[in-house]
Amino acid sequence: MASSQFPVQRTDAEWRRLLTPQQYAVLRAHGTEPPGSCALLDEKRAGTFACAGCGHRLFRTEREFESGTGWPSFFAPLDGALGETVDRAYGMVRTEVHCGQC
């Protein structure tokens, strides 16, 4: 998806300075963190999960559930928080869910 479609605009160099290497791989290079590696997987405090790239609010903790997948899972995002990109590579259809702002 072209970056011009997102309200938050940064150069690749700016993203690399802002994010850790793992955050960059996931947020900008369409990577996936290993299951069970997210520090937020066992987060139980009340609050809101926000995008590491721009701070946009994505999910409230009361909407989190244990999916057994190794990643934080939520049954509903905040209104307008997310965007989707469809990938038809590799002979299959996959839907990437991402922050709607960056």
# chains A, B, ... in the order shown; residues from 1 in each chain; ligands from 1
$ residues_around --residues "His98 of chain A" --least-positions-apart "2" --cutoff "8 Å" --atoms "only C-alpha atoms" --output "MDAnalysis selection string"
chainID A and resid 27 82:85 96 100
$ write_last_selection --atoms "N, CA and C atoms" --output "mmCIF file, in the first residue's frame"
data_model
loop_
_atom_site.group_PDB
_atom_site.id
_atom_site.type_symbol
_atom_site.label_atom_id
_atom_site.label_comp_id
_atom_site.auth_asym_id
_atom_site.auth_seq_id
_atom_site.Cartn_x
_atom_site.Cartn_y
_atom_site.Cartn_z
ATOM 1 N N LEU A 27 6.210 -3.264 11.361
ATOM 2 C CA LEU A 27 5.353 -2.133 10.979
ATOM 3 C C LEU A 27 5.596 -1.620 9.566
ATOM 4 N N LEU A 82 -8.149 0.823 12.512
ATOM 5 C CA LEU A 82 -7.368 -0.089 11.686
ATOM 6 C C LEU A 82 -7.645 0.077 10.203
ATOM 7 N N GLY A 83 -6.680 -0.379 9.422
ATOM 8 C CA GLY A 83 -6.831 -0.498 7.981
ATOM 9 C C GLY A 83 -6.478 -1.915 7.590
ATOM 10 N N GLU A 84 -6.771 -2.284 6.354
ATOM 11 C CA GLU A 84 -6.460 -3.620 5.863
ATOM 12 C C GLU A 84 -5.815 -3.522 4.487
ATOM 13 N N THR A 85 -4.905 -4.436 4.218
ATOM 14 C CA THR A 85 -4.296 -4.569 2.906
ATOM 15 C C THR A 85 -4.432 -6.024 2.492
ATOM 16 N N GLU A 96 -3.763 -8.342 5.660
ATOM 17 C CA GLU A 96 -2.912 -7.733 6.684
ATOM 18 C C GLU A 96 -3.721 -6.652 7.372
ATOM 19 N N GLY A 100 -4.433 2.345 10.979
ATOM 20 C CA GLY A 100 -5.049 3.117 9.909
ATOM 21 C C GLY A 100 -4.421 4.484 9.687
#
$ residues_around --residues "Gly68 of chain A" --least-positions-apart "2" --cutoff "12 Å" --atoms "only C-alpha atoms" --output "short mmCIF file (atom, residue, chain, number, x, y, z; two decimals) with N, CA and C atoms, in the first residue's frame"
data_model
loop_
_atom_site.label_atom_id
_atom_site.label_comp_id
_atom_site.auth_asym_id
_atom_site.auth_seq_id
_atom_site.Cartn_x
_atom_site.Cartn_y
_atom_site.Cartn_z
N PRO A 35 5.77 -15.76 17.67
CA PRO A 35 4.74 -15.93 18.68
C PRO A 35 5.36 -16.05 20.07
N GLY A 36 4.69 -15.43 21.04
CA GLY A 36 5.15 -15.46 22.42
C GLY A 36 6.22 -14.45 22.76
N LEU A 41 1.90 -9.41 25.56
CA LEU A 41 1.06 -10.60 25.53
C LEU A 41 0.36 -10.85 26.86
N ASP A 42 1.04 -10.61 27.96
CA ASP A 42 0.46 -10.86 29.28
C ASP A 42 0.07 -9.57 30.00
N PHE A 65 -8.44 -10.90 24.49
CA PHE A 65 -8.77 -12.25 24.93
C PHE A 65 -7.58 -13.15 24.65
N GLU A 66 -7.53 -14.28 25.33
CA GLU A 66 -6.45 -15.25 25.14
C GLU A 66 -6.83 -16.18 24.00
N GLY A 70 -0.19 -16.90 20.72
CA GLY A 70 1.11 -16.33 21.05
C GLY A 70 1.20 -14.85 20.76
N TRP A 71 0.10 -14.24 20.31
CA TRP A 71 0.04 -12.80 20.05
C TRP A 71 -1.15 -12.21 20.80
N PRO A 72 -1.06 -10.96 21.23
CA PRO A 72 -2.25 -10.33 21.83
C PRO A 72 -3.40 -10.37 20.82
N SER A 73 -4.58 -10.71 21.28
CA SER A 73 -5.75 -10.81 20.40
C SER A 73 -6.88 -9.99 20.97
#
$ closest_residue --among "A:Asp12, A:Pro77, A:Arg17, A:Thr69" --to "Ala29 of chain A" --atoms "only C-alpha atoms"
A:Asp12
$ select_by_dssp --residues "chain A" --states "alpha helix (DSSP H)" --output "number ranges by chain"
A: 12-18, 21-27
$ write_last_selection --atoms "N, CA and C atoms" --output "PDB file, in the first residue's frame"
ATOM      1  N   ASP A  12      11.641   6.743   4.971  1.00  0.00           N
ATOM      2  CA  ASP A  12      12.150   5.473   5.473  1.00  0.00           C
ATOM      3  C   ASP A  12      13.217   5.710   6.543  1.00  0.00           C
ATOM      4  N   ALA A  13      14.068   6.683   6.339  1.00  0.00           N
ATOM      5  CA  ALA A  13      15.111   6.996   7.330  1.00  0.00           C
ATOM      6  C   ALA A  13      14.485   7.439   8.660  1.00  0.00           C
ATOM      7  N   GLU A  14      13.426   8.221   8.601  1.00  0.00           N
ATOM      8  CA  GLU A  14      12.742   8.646   9.832  1.00  0.00           C
ATOM      9  C   GLU A  14      12.133   7.451  10.550  1.00  0.00           C
ATOM     10  N   TRP A  15      11.489   6.540   9.818  1.00  0.00           N
ATOM     11  CA  TRP A  15      10.918   5.340  10.439  1.00  0.00           C
ATOM     12  C   TRP A  15      12.014   4.524  11.111  1.00  0.00           C
ATOM     13  N   ARG A  16      13.146   4.373  10.440  1.00  0.00           N
ATOM     14  CA  ARG A  16      14.240   3.574  11.000  1.00  0.00           C
ATOM     15  C   ARG A  16      14.811   4.195  12.272  1.00  0.00           C
ATOM     16  N   ARG A  17      14.853   5.507  12.353  1.00  0.00           N
ATOM     17  CA  ARG A  17      15.317   6.187  13.579  1.00  0.00           C
ATOM     18  C   ARG A  17      14.287   6.059  14.700  1.00  0.00           C
ATOM     19  N   LEU A  18      13.007   6.103  14.371  1.00  0.00           N
ATOM     20  CA  LEU A  18      11.926   6.084  15.355  1.00  0.00           C
ATOM     21  C   LEU A  18      11.696   4.698  15.957  1.00  0.00           C
ATOM     22  N   PRO A  21      14.650  -2.190  15.446  1.00  0.00           N
ATOM     23  CA  PRO A  21      14.714  -3.047  14.254  1.00  0.00           C
ATOM     24  C   PRO A  21      13.516  -4.007  14.140  1.00  0.00           C
ATOM     25  N   GLN A  22      13.080  -4.598  15.258  1.00  0.00           N
ATOM     26  CA  GLN A  22      11.933  -5.509  15.199  1.00  0.00           C
ATOM     27  C   GLN A  22      10.645  -4.742  14.873  1.00  0.00           C
ATOM     28  N   GLN A  23      10.442  -3.575  15.477  1.00  0.00           N
ATOM     29  CA  GLN A  23       9.264  -2.771  15.161  1.00  0.00           C
ATOM     30  C   GLN A  23       9.261  -2.379  13.683  1.00  0.00           C
ATOM     31  N   TYR A  24      10.410  -1.993  13.165  1.00  0.00           N
ATOM     32  CA  TYR A  24      10.499  -1.628  11.750  1.00  0.00           C
ATOM     33  C   TYR A  24      10.116  -2.820  10.867  1.00  0.00           C
ATOM     34  N   ALA A  25      10.658  -3.999  11.186  1.00  0.00           N
ATOM     35  CA  ALA A  25      10.363  -5.197  10.397  1.00  0.00           C
ATOM     36  C   ALA A  25       8.866  -5.490  10.353  1.00  0.00           C
ATOM     37  N   VAL A  26       8.194  -5.337  11.487  1.00  0.00           N
ATOM     38  CA  VAL A  26       6.762  -5.631  11.558  1.00  0.00           C
ATOM     39  C   VAL A  26       5.923  -4.497  10.970  1.00  0.00           C
ATOM     40  N   LEU A  27       6.210  -3.264  11.361  1.00  0.00           N
ATOM     41  CA  LEU A  27       5.353  -2.133  10.979  1.00  0.00           C
ATOM     42  C   LEU A  27       5.596  -1.620   9.566  1.00  0.00           C
TER      43      LEU A  27
END
$ residues_around --residues "segment 43-55 of chain A" --least-positions-apart "4" --cutoff "7 Å" --atoms "only C-alpha atoms" --output "short mmCIF file (atom, residue, chain, number, x, y, z; two decimals) with C-alpha atoms, in the first residue's frame"
data_model
loop_
_atom_site.label_atom_id
_atom_site.label_comp_id
_atom_site.auth_asym_id
_atom_site.auth_seq_id
_atom_site.Cartn_x
_atom_site.Cartn_y
_atom_site.Cartn_z
CA LEU A 19 11.45 2.31 15.55
CA PHE A 59 -7.55 -1.37 21.14
CA ARG A 60 -8.77 -1.18 24.74
CA THR A 61 -7.50 -3.84 27.12
CA CYS A 99 -2.79 0.91 11.98
CA CYS A 102 0.67 5.08 9.39
#
$ select_by_dssp --residues "segment 33-70 of chain A" --states "strand (DSSP E or B)" --output "JSON, numbers by chain"
{"A": [48, 49, 50, 57, 58, 59, 60, 64, 65]}
$ write_last_selection --atoms "N, CA and C atoms" --output "mmCIF file, in the first residue's frame"
data_model
loop_
_atom_site.group_PDB
_atom_site.id
_atom_site.type_symbol
_atom_site.label_atom_id
_atom_site.label_comp_id
_atom_site.auth_asym_id
_atom_site.auth_seq_id
_atom_site.Cartn_x
_atom_site.Cartn_y
_atom_site.Cartn_z
ATOM 1 N N THR A 48 -5.147 1.384 26.997
ATOM 2 C CA THR A 48 -5.331 1.323 25.559
ATOM 3 C C THR A 48 -4.025 0.950 24.886
ATOM 4 N N PHE A 49 -4.084 0.022 23.958
ATOM 5 C CA PHE A 49 -2.937 -0.326 23.142
ATOM 6 C C PHE A 49 -2.859 0.688 22.009
ATOM 7 N N ALA A 50 -1.660 1.199 21.751
ATOM 8 C CA ALA A 50 -1.471 2.205 20.706
ATOM 9 C C ALA A 50 -0.396 1.744 19.732
ATOM 10 N N ARG A 57 -4.387 5.330 18.894
ATOM 11 C CA ARG A 57 -5.048 4.346 19.763
ATOM 12 C C ARG A 57 -5.741 3.282 18.915
ATOM 13 N N LEU A 58 -5.494 1.994 19.257
ATOM 14 C CA LEU A 58 -6.002 0.889 18.449
ATOM 15 C C LEU A 58 -7.024 0.009 19.168
ATOM 16 N N PHE A 59 -6.700 -0.424 20.399
ATOM 17 C CA PHE A 59 -7.547 -1.367 21.139
ATOM 18 C C PHE A 59 -7.589 -0.991 22.605
ATOM 19 N N ARG A 60 -8.692 -1.299 23.281
ATOM 20 C CA ARG A 60 -8.767 -1.179 24.740
ATOM 21 C C ARG A 60 -8.521 -2.559 25.344
ATOM 22 N N GLU A 64 -9.411 -7.451 24.952
ATOM 23 C CA GLU A 64 -8.391 -8.461 24.694
ATOM 24 C C GLU A 64 -8.880 -9.828 25.184
ATOM 25 N N PHE A 65 -8.444 -10.895 24.494
ATOM 26 C CA PHE A 65 -8.772 -12.251 24.931
ATOM 27 C C PHE A 65 -7.577 -13.153 24.647
#
$ residues_around --residues "Val86 of chain A" --least-positions-apart "4" --cutoff "10 Å" --atoms "only C-alpha atoms" --output "ChimeraX atom specification"
/A:1,93-97
$ write_last_selection --atoms "N, CA and C atoms" --output "compact mmCIF listing (two decimals), in the first residue's frame"
# COMPACT_ATOMS: atom_id res chain seq x y z
N MET A 1 0.86 -1.18 0.00
CA MET A 1 0.00 0.00 0.00
C MET A 1 0.90 1.23 0.00
N VAL A 93 -4.95 -15.75 -0.72
CA VAL A 93 -5.39 -14.42 -0.34
C VAL A 93 -5.19 -14.27 1.17
N ARG A 94 -4.42 -13.23 1.55
CA ARG A 94 -4.17 -12.95 2.96
C ARG A 94 -4.56 -11.50 3.21
N THR A 95 -5.04 -11.23 4.42
CA THR A 95 -5.40 -9.86 4.79
C THR A 95 -4.52 -9.41 5.92
N GLU A 96 -3.76 -8.34 5.66
CA GLU A 96 -2.91 -7.73 6.68
C GLU A 96 -3.72 -6.65 7.37
N VAL A 97 -3.75 -6.68 8.69
CA VAL A 97 -4.44 -5.65 9.47
C VAL A 97 -3.36 -4.75 10.07
$ atom_distance --atom1 "atom CA of Arg28 of chain A" --atom2 "atom CA of Ala81 of chain A"
17.2 Å
$ atom_distance --atom1 "atom CA of Gln101 of chain A" --atom2 "atom CA of Arg10 of chain A"
11.5 Å
$ atom_distance --atom1 "atom CA of Arg63 of chain A" --atom2 "atom CA of Leu78 of chain A"
9.5 Å
$ decode --residues "segment 28-78 of chain A" --atoms "N, CA and C atoms" --output "PDB file, in the first residue's frame"
ATOM      1  N   ARG A  28       6.814  -1.726   9.062  1.00  0.00           N
ATOM      2  CA  ARG A  28       7.128  -1.139   7.764  1.00  0.00           C
ATOM      3  C   ARG A  28       7.462  -2.174   6.694  1.00  0.00           C
ATOM      4  N   ALA A  29       7.951  -3.362   7.089  1.00  0.00           N
ATOM      5  CA  ALA A  29       8.402  -4.359   6.118  1.00  0.00           C
ATOM      6  C   ALA A  29       7.498  -5.591   6.079  1.00  0.00           C
ATOM      7  N   HIS A  30       6.305  -5.490   6.671  1.00  0.00           N
ATOM      8  CA  HIS A  30       5.285  -6.549   6.621  1.00  0.00           C
ATOM      9  C   HIS A  30       5.732  -7.849   7.286  1.00  0.00           C
ATOM     10  N   GLY A  31       6.627  -7.742   8.273  1.00  0.00           N
ATOM     11  CA  GLY A  31       7.083  -8.923   8.994  1.00  0.00           C
ATOM     12  C   GLY A  31       6.116  -9.306  10.097  1.00  0.00           C
ATOM     13  N   THR A  32       6.431 -10.383  10.774  1.00  0.00           N
ATOM     14  CA  THR A  32       5.643 -10.867  11.910  1.00  0.00           C
ATOM     15  C   THR A  32       6.601 -11.207  13.035  1.00  0.00           C
ATOM     16  N   GLU A  33       6.312 -10.706  14.227  1.00  0.00           N
ATOM     17  CA  GLU A  33       7.158 -11.058  15.358  1.00  0.00           C
ATOM     18  C   GLU A  33       6.902 -12.510  15.738  1.00  0.00           C
ATOM     19  N   PRO A  34       7.900 -13.190  16.284  1.00  0.00           N
ATOM     20  CA  PRO A  34       7.701 -14.581  16.678  1.00  0.00           C
ATOM     21  C   PRO A  34       6.605 -14.706  17.737  1.00  0.00           C
ATOM     22  N   PRO A  35       5.774 -15.757  17.666  1.00  0.00           N
ATOM     23  CA  PRO A  35       4.739 -15.932  18.684  1.00  0.00           C
ATOM     24  C   PRO A  35       5.357 -16.047  20.068  1.00  0.00           C
ATOM     25  N   GLY A  36       4.693 -15.425  21.041  1.00  0.00           N
ATOM     26  CA  GLY A  36       5.146 -15.462  22.422  1.00  0.00           C
ATOM     27  C   GLY A  36       6.225 -14.448  22.759  1.00  0.00           C
ATOM     28  N   SER A  37       6.681 -13.671  21.775  1.00  0.00           N
ATOM     29  CA  SER A  37       7.778 -12.737  22.016  1.00  0.00           C
ATOM     30  C   SER A  37       7.318 -11.336  22.403  1.00  0.00           C
ATOM     31  N   CYS A  38       6.042 -11.038  22.270  1.00  0.00           N
ATOM     32  CA  CYS A  38       5.539  -9.689  22.542  1.00  0.00           C
ATOM     33  C   CYS A  38       5.426  -9.439  24.042  1.00  0.00           C
ATOM     34  N   ALA A  39       6.061  -8.373  24.503  1.00  0.00           N
ATOM     35  CA  ALA A  39       6.013  -8.019  25.923  1.00  0.00           C
ATOM     36  C   ALA A  39       4.588  -7.710  26.377  1.00  0.00           C
ATOM     37  N   LEU A  40       3.713  -7.381  25.456  1.00  0.00           N
ATOM     38  CA  LEU A  40       2.332  -7.024  25.801  1.00  0.00           C
ATOM     39  C   LEU A  40       1.395  -8.230  25.850  1.00  0.00           C
ATOM     40  N   LEU A  41       1.895  -9.408  25.557  1.00  0.00           N
ATOM     41  CA  LEU A  41       1.059 -10.604  25.531  1.00  0.00           C
ATOM     42  C   LEU A  41       0.358 -10.854  26.862  1.00  0.00           C
ATOM     43  N   ASP A  42       1.040 -10.610  27.960  1.00  0.00           N
ATOM     44  CA  ASP A  42       0.463 -10.855  29.282  1.00  0.00           C
ATOM     45  C   ASP A  42       0.071  -9.571  29.997  1.00  0.00           C
ATOM     46  N   GLU A  43      -0.087  -8.485  29.255  1.00  0.00           N
ATOM     47  CA  GLU A  43      -0.456  -7.193  29.855  1.00  0.00           C
ATOM     48  C   GLU A  43      -1.883  -7.259  30.393  1.00  0.00           C
ATOM     49  N   LYS A  44      -2.052  -6.919  31.661  1.00  0.00           N
ATOM     50  CA  LYS A  44      -3.379  -6.994  32.300  1.00  0.00           C
ATOM     51  C   LYS A  44      -3.866  -5.654  32.831  1.00  0.00           C
ATOM     52  N   ARG A  45      -3.031  -4.618  32.777  1.00  0.00           N
ATOM     53  CA  ARG A  45      -3.459  -3.306  33.279  1.00  0.00           C
ATOM     54  C   ARG A  45      -4.527  -2.713  32.370  1.00  0.00           C
ATOM     55  N   ALA A  46      -5.441  -1.971  32.957  1.00  0.00           N
ATOM     56  CA  ALA A  46      -6.461  -1.277  32.170  1.00  0.00           C
ATOM     57  C   ALA A  46      -5.795  -0.189  31.343  1.00  0.00           C
ATOM     58  N   GLY A  47      -6.271  -0.011  30.131  1.00  0.00           N
ATOM     59  CA  GLY A  47      -5.706   1.035  29.289  1.00  0.00           C
ATOM     60  C   GLY A  47      -5.977   0.777  27.829  1.00  0.00           C
ATOM     61  N   THR A  48      -5.147   1.384  26.997  1.00  0.00           N
ATOM     62  CA  THR A  48      -5.331   1.323  25.559  1.00  0.00           C
ATOM     63  C   THR A  48      -4.025   0.950  24.886  1.00  0.00           C
ATOM     64  N   PHE A  49      -4.084   0.022  23.958  1.00  0.00           N
ATOM     65  CA  PHE A  49      -2.937  -0.326  23.142  1.00  0.00           C
ATOM     66  C   PHE A  49      -2.859   0.688  22.009  1.00  0.00           C
ATOM     67  N   ALA A  50      -1.660   1.199  21.751  1.00  0.00           N
ATOM     68  CA  ALA A  50      -1.471   2.205  20.706  1.00  0.00           C
ATOM     69  C   ALA A  50      -0.396   1.744  19.732  1.00  0.00           C
ATOM     70  N   CYS A  51      -0.420   2.294  18.539  1.00  0.00           N
ATOM     71  CA  CYS A  51       0.558   1.995  17.494  1.00  0.00           C
ATOM     72  C   CYS A  51       1.943   2.480  17.927  1.00  0.00           C
ATOM     73  N   ALA A  52       2.943   1.632  17.789  1.00  0.00           N
ATOM     74  CA  ALA A  52       4.320   2.007  18.123  1.00  0.00           C
ATOM     75  C   ALA A  52       4.883   3.023  17.142  1.00  0.00           C
ATOM     76  N   GLY A  53       4.290   3.120  15.962  1.00  0.00           N
ATOM     77  CA  GLY A  53       4.791   4.035  14.957  1.00  0.00           C
ATOM     78  C   GLY A  53       4.298   5.462  15.080  1.00  0.00           C
ATOM     79  N   CYS A  54       3.036   5.612  15.513  1.00  0.00           N
ATOM     80  CA  CYS A  54       2.468   6.968  15.535  1.00  0.00           C
ATOM     81  C   CYS A  54       1.684   7.296  16.801  1.00  0.00           C
ATOM     82  N   GLY A  55       1.488   6.300  17.677  1.00  0.00           N
ATOM     83  CA  GLY A  55       0.753   6.542  18.915  1.00  0.00           C
ATOM     84  C   GLY A  55      -0.757   6.503  18.769  1.00  0.00           C
ATOM     85  N   HIS A  56      -1.256   6.224  17.570  1.00  0.00           N
ATOM     86  CA  HIS A  56      -2.711   6.153  17.342  1.00  0.00           C
ATOM     87  C   HIS A  56      -3.311   5.028  18.183  1.00  0.00           C
ATOM     88  N   ARG A  57      -4.387   5.330  18.894  1.00  0.00           N
ATOM     89  CA  ARG A  57      -5.048   4.346  19.763  1.00  0.00           C
ATOM     90  C   ARG A  57      -5.741   3.282  18.915  1.00  0.00           C
ATOM     91  N   LEU A  58      -5.494   1.994  19.257  1.00  0.00           N
ATOM     92  CA  LEU A  58      -6.002   0.889  18.449  1.00  0.00           C
ATOM     93  C   LEU A  58      -7.024   0.009  19.168  1.00  0.00           C
ATOM     94  N   PHE A  59      -6.700  -0.424  20.399  1.00  0.00           N
ATOM     95  CA  PHE A  59      -7.547  -1.367  21.139  1.00  0.00           C
ATOM     96  C   PHE A  59      -7.589  -0.991  22.605  1.00  0.00           C
ATOM     97  N   ARG A  60      -8.692  -1.299  23.281  1.00  0.00           N
ATOM     98  CA  ARG A  60      -8.767  -1.179  24.740  1.00  0.00           C
ATOM     99  C   ARG A  60      -8.521  -2.559  25.344  1.00  0.00           C
ATOM    100  N   THR A  61      -7.869  -2.567  26.506  1.00  0.00           N
ATOM    101  CA  THR A  61      -7.499  -3.844  27.122  1.00  0.00           C
ATOM    102  C   THR A  61      -8.710  -4.702  27.472  1.00  0.00           C
ATOM    103  N   GLU A  62      -9.849  -4.105  27.740  1.00  0.00           N
ATOM    104  CA  GLU A  62     -11.014  -4.946  28.067  1.00  0.00           C
ATOM    105  C   GLU A  62     -11.547  -5.706  26.854  1.00  0.00           C
ATOM    106  N   ARG A  63     -11.021  -5.419  25.673  1.00  0.00           N
ATOM    107  CA  ARG A  63     -11.409  -6.138  24.456  1.00  0.00           C
ATOM    108  C   ARG A  63     -10.388  -7.214  24.082  1.00  0.00           C
ATOM    109  N   GLU A  64      -9.411  -7.451  24.952  1.00  0.00           N
ATOM    110  CA  GLU A  64      -8.391  -8.461  24.694  1.00  0.00           C
ATOM    111  C   GLU A  64      -8.880  -9.828  25.184  1.00  0.00           C
ATOM    112  N   PHE A  65      -8.444 -10.895  24.494  1.00  0.00           N
ATOM    113  CA  PHE A  65      -8.772 -12.251  24.931  1.00  0.00           C
ATOM    114  C   PHE A  65      -7.577 -13.153  24.647  1.00  0.00           C
ATOM    115  N   GLU A  66      -7.528 -14.283  25.328  1.00  0.00           N
ATOM    116  CA  GLU A  66      -6.452 -15.249  25.142  1.00  0.00           C
ATOM    117  C   GLU A  66      -6.833 -16.183  23.998  1.00  0.00           C
ATOM    118  N   SER A  67      -6.131 -16.047  22.874  1.00  0.00           N
ATOM    119  CA  SER A  67      -6.442 -16.844  21.687  1.00  0.00           C
ATOM    120  C   SER A  67      -5.597 -18.108  21.598  1.00  0.00           C
ATOM    121  N   GLY A  68      -4.523 -18.171  22.398  1.00  0.00           N
ATOM    122  CA  GLY A  68      -3.633 -19.314  22.323  1.00  0.00           C
ATOM    123  C   GLY A  68      -2.681 -19.256  21.133  1.00  0.00           C
ATOM    124  N   THR A  69      -2.641 -18.132  20.428  1.00  0.00           N
ATOM    125  CA  THR A  69      -1.801 -18.005  19.239  1.00  0.00           C
ATOM    126  C   THR A  69      -0.394 -17.523  19.554  1.00  0.00           C
ATOM    127  N   GLY A  70      -0.187 -16.903  20.724  1.00  0.00           N
ATOM    128  CA  GLY A  70       1.106 -16.331  21.053  1.00  0.00           C
ATOM    129  C   GLY A  70       1.196 -14.846  20.759  1.00  0.00           C
ATOM    130  N   TRP A  71       0.097 -14.238  20.305  1.00  0.00           N
ATOM    131  CA  TRP A  71       0.041 -12.804  20.054  1.00  0.00           C
ATOM    132  C   TRP A  71      -1.149 -12.214  20.797  1.00  0.00           C
ATOM    133  N   PRO A  72      -1.064 -10.961  21.234  1.00  0.00           N
ATOM    134  CA  PRO A  72      -2.247 -10.327  21.830  1.00  0.00           C
ATOM    135  C   PRO A  72      -3.396 -10.367  20.820  1.00  0.00           C
ATOM    136  N   SER A  73      -4.576 -10.707  21.280  1.00  0.00           N
ATOM    137  CA  SER A  73      -5.747 -10.814  20.404  1.00  0.00           C
ATOM    138  C   SER A  73      -6.883  -9.986  20.971  1.00  0.00           C
ATOM    139  N   PHE A  74      -7.668  -9.399  20.093  1.00  0.00           N
ATOM    140  CA  PHE A  74      -8.747  -8.494  20.489  1.00  0.00           C
ATOM    141  C   PHE A  74      -9.991  -8.824  19.692  1.00  0.00           C
ATOM    142  N   PHE A  75     -11.170  -8.687  20.330  1.00  0.00           N
ATOM    143  CA  PHE A  75     -12.393  -8.980  19.605  1.00  0.00           C
ATOM    144  C   PHE A  75     -12.961  -7.766  18.892  1.00  0.00           C
ATOM    145  N   ALA A  76     -12.454  -6.564  19.163  1.00  0.00           N
ATOM    146  CA  ALA A  76     -12.944  -5.374  18.457  1.00  0.00           C
ATOM    147  C   ALA A  76     -11.946  -4.231  18.604  1.00  0.00           C
ATOM    148  N   PRO A  77     -11.565  -3.605  17.491  1.00  0.00           N
ATOM    149  CA  PRO A  77     -10.700  -2.428  17.576  1.00  0.00           C
ATOM    150  C   PRO A  77     -11.520  -1.194  17.935  1.00  0.00           C
ATOM    151  N   LEU A  78     -10.844  -0.119  18.266  1.00  0.00           N
ATOM    152  CA  LEU A  78     -11.530   1.162  18.426  1.00  0.00           C
ATOM    153  C   LEU A  78     -12.033   1.600  17.051  1.00  0.00           C
TER     154      LEU A  78
END
